[in-house]
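Heads up, work-v1.txt below (compact mmCIF, C-alpha atoms):
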# COMPACT_ATOMS: atom_id res chain seq x y z
CA MET F 19 212.58 80.48 118.41
CA LYS F 20 212.37 80.04 114.67
CA LYS F 21 209.45 81.63 112.79
CA SER F 22 207.52 79.35 110.49
CA LYS F 23 207.35 80.26 106.82
CA MET F 24 203.93 78.59 106.42
CA GLN F 25 200.67 80.32 107.17
CA GLY F 26 198.55 78.85 109.94
CA ARG F 27 195.35 76.94 109.20
CA ARG F 28 192.12 78.85 109.16
CA PRO F 29 188.55 77.71 108.56
CA MET F 30 187.05 77.92 105.11
CA PRO F 31 184.99 81.08 104.55
CA LYS F 32 181.23 80.70 104.64
CA MET F 33 179.47 80.57 101.28
CA ARG F 34 177.32 83.64 100.94
CA ASN F 35 174.21 84.00 98.90
CA LYS F 36 174.41 87.55 97.63
CA LEU F 37 171.10 87.45 95.82
CA LYS F 38 168.34 87.74 98.39
CA VAL F 39 165.10 88.74 96.74
CA ALA F 40 161.83 88.78 98.61
CA VAL F 41 159.15 87.10 96.52
CA GLU F 42 155.62 88.25 97.16
CA ALA F 43 152.58 86.25 96.15
CA ARG F 44 150.61 87.98 93.42
CA VAL F 45 146.94 88.57 94.13
CA LEU F 46 144.74 86.86 91.56
CA THR F 47 141.40 88.53 90.96
CA VAL F 48 138.23 87.01 89.54
CA GLY F 49 138.67 89.24 86.51
CA ASP F 50 142.10 87.70 85.91
CA LEU F 51 140.57 84.21 86.05
CA ILE F 52 137.77 85.12 83.66
CA SER F 53 140.09 86.80 81.14
CA ALA F 54 142.52 83.85 81.24
CA ALA F 55 139.66 81.42 80.68
CA PHE F 56 138.37 83.43 77.71
CA ASP F 57 141.88 83.60 76.26
CA ALA F 58 142.27 79.84 76.57
CA LEU F 59 138.77 78.65 75.67
CA GLY F 60 136.97 81.43 73.82
CA ASP F 61 133.42 80.12 74.31
CA ALA F 62 131.28 81.61 77.11
CA GLY F 63 129.66 78.26 77.91
CA GLN F 64 132.99 76.52 78.37
CA VAL F 65 134.31 79.42 80.44
CA MET F 66 131.35 79.19 82.82
CA ARG F 67 131.77 75.42 83.08
CA VAL F 68 135.48 75.64 83.86
CA LEU F 69 135.20 78.54 86.33
CA GLY F 70 132.32 76.87 88.15
CA SER F 71 134.06 73.49 88.38
CA GLN F 72 134.85 71.78 91.66
CA GLY F 73 138.54 71.42 90.77
CA LEU F 74 139.02 75.15 90.32
CA SER F 75 137.13 75.97 93.51
CA ASP F 76 139.41 73.55 95.40
CA ARG F 77 142.50 75.29 93.99
CA VAL F 78 141.28 78.85 94.56
CA GLY F 79 139.60 78.19 97.88
CA ARG F 80 136.39 79.89 96.78
CA ARG F 81 133.35 78.75 94.85
CA LEU F 82 132.46 80.87 91.81
CA VAL F 83 128.73 80.96 91.08
CA PHE F 84 127.34 82.48 87.87
CA ILE F 85 123.73 83.64 87.87
Represent the structure of the file as structure tokens.
Amino acid sequence: MKKSKMQGRRPMPKMRNKLKVAVEARVLTVGDLISAAFDALGDAGQVMRVLGSQGLSDRVGRRLVFI
């Protein structure tokens, strides 16, 4: 029996994703929201209006009430 000079077929190797990084959700505090609003708006009245808005409470899942 004659040996073949060609290599036999083999399946393609699986593509591997070497970079597997676990991403954790960052906890956002009320203080972070207030400081970001002051950085963006500057005026206390506008900050209270934005932080007490319905749109923000829908996004955050909590209603912020200022007394």
Show me a table, sorted first by chain and then by increasing residue number, of the residues of stretch 26-47 of chain F having an atom at most 12 Å from stretch 71-78 of chain F, each with its shortest atom pair and the distance in Å to one decimal, counting all atoms listed in the file and written as CSV.
residue,atom,partner,partner_atom,distance
F:Val45,CA,F:Val78,CA,11.3
F:Leu46,CA,F:Val78,CA,9.2
F:Thr47,CA,F:Val78,CA,10.3
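The nearest approach to F:Val83 among the residues F:Arg44, F:Lys32, F:Arg67, F:Arg27, with all atoms listed in the file taken into account, belongs to F:Arg67.
Non-sequential neighbours of F:Leu51 (distance at most 10 Å, separation of 6 or more positions within a chain, all atoms listed in the file) are Asp57, Val65 and Leu69 of chain F.
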With C-alpha atoms kept, could you save the residues just selected as an mmCIF file, in the frame of the given file?
data_model
loop_
_atom_site.group_PDB
_atom_site.id
_atom_site.type_symbol
_atom_site.label_atom_id
_atom_site.label_comp_id
_atom_site.auth_asym_id
_atom_site.auth_seq_id
_atom_site.Cartn_x
_atom_site.Cartn_y
_atom_site.Cartn_z
ATOM 1 C CA ASP F 57 141.880 83.600 76.260
ATOM 2 C CA VAL F 65 134.310 79.420 80.440
ATOM 3 C CA LEU F 69 135.200 78.540 86.330
#
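One distance worth recording is that between atom CA of F:Gln64 and atom CA of F:Gly79, which is 20.7 Å.
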Problem set entry | Interatomic distance, atom CA of F:Ala55 to atom CA of F:Ile85 (Å, one decimal) | 17.6 Å
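With atom CA of F:Leu82 on one side and atom CA of F:Gly70 on the other, the separation reads 5.4 Å.
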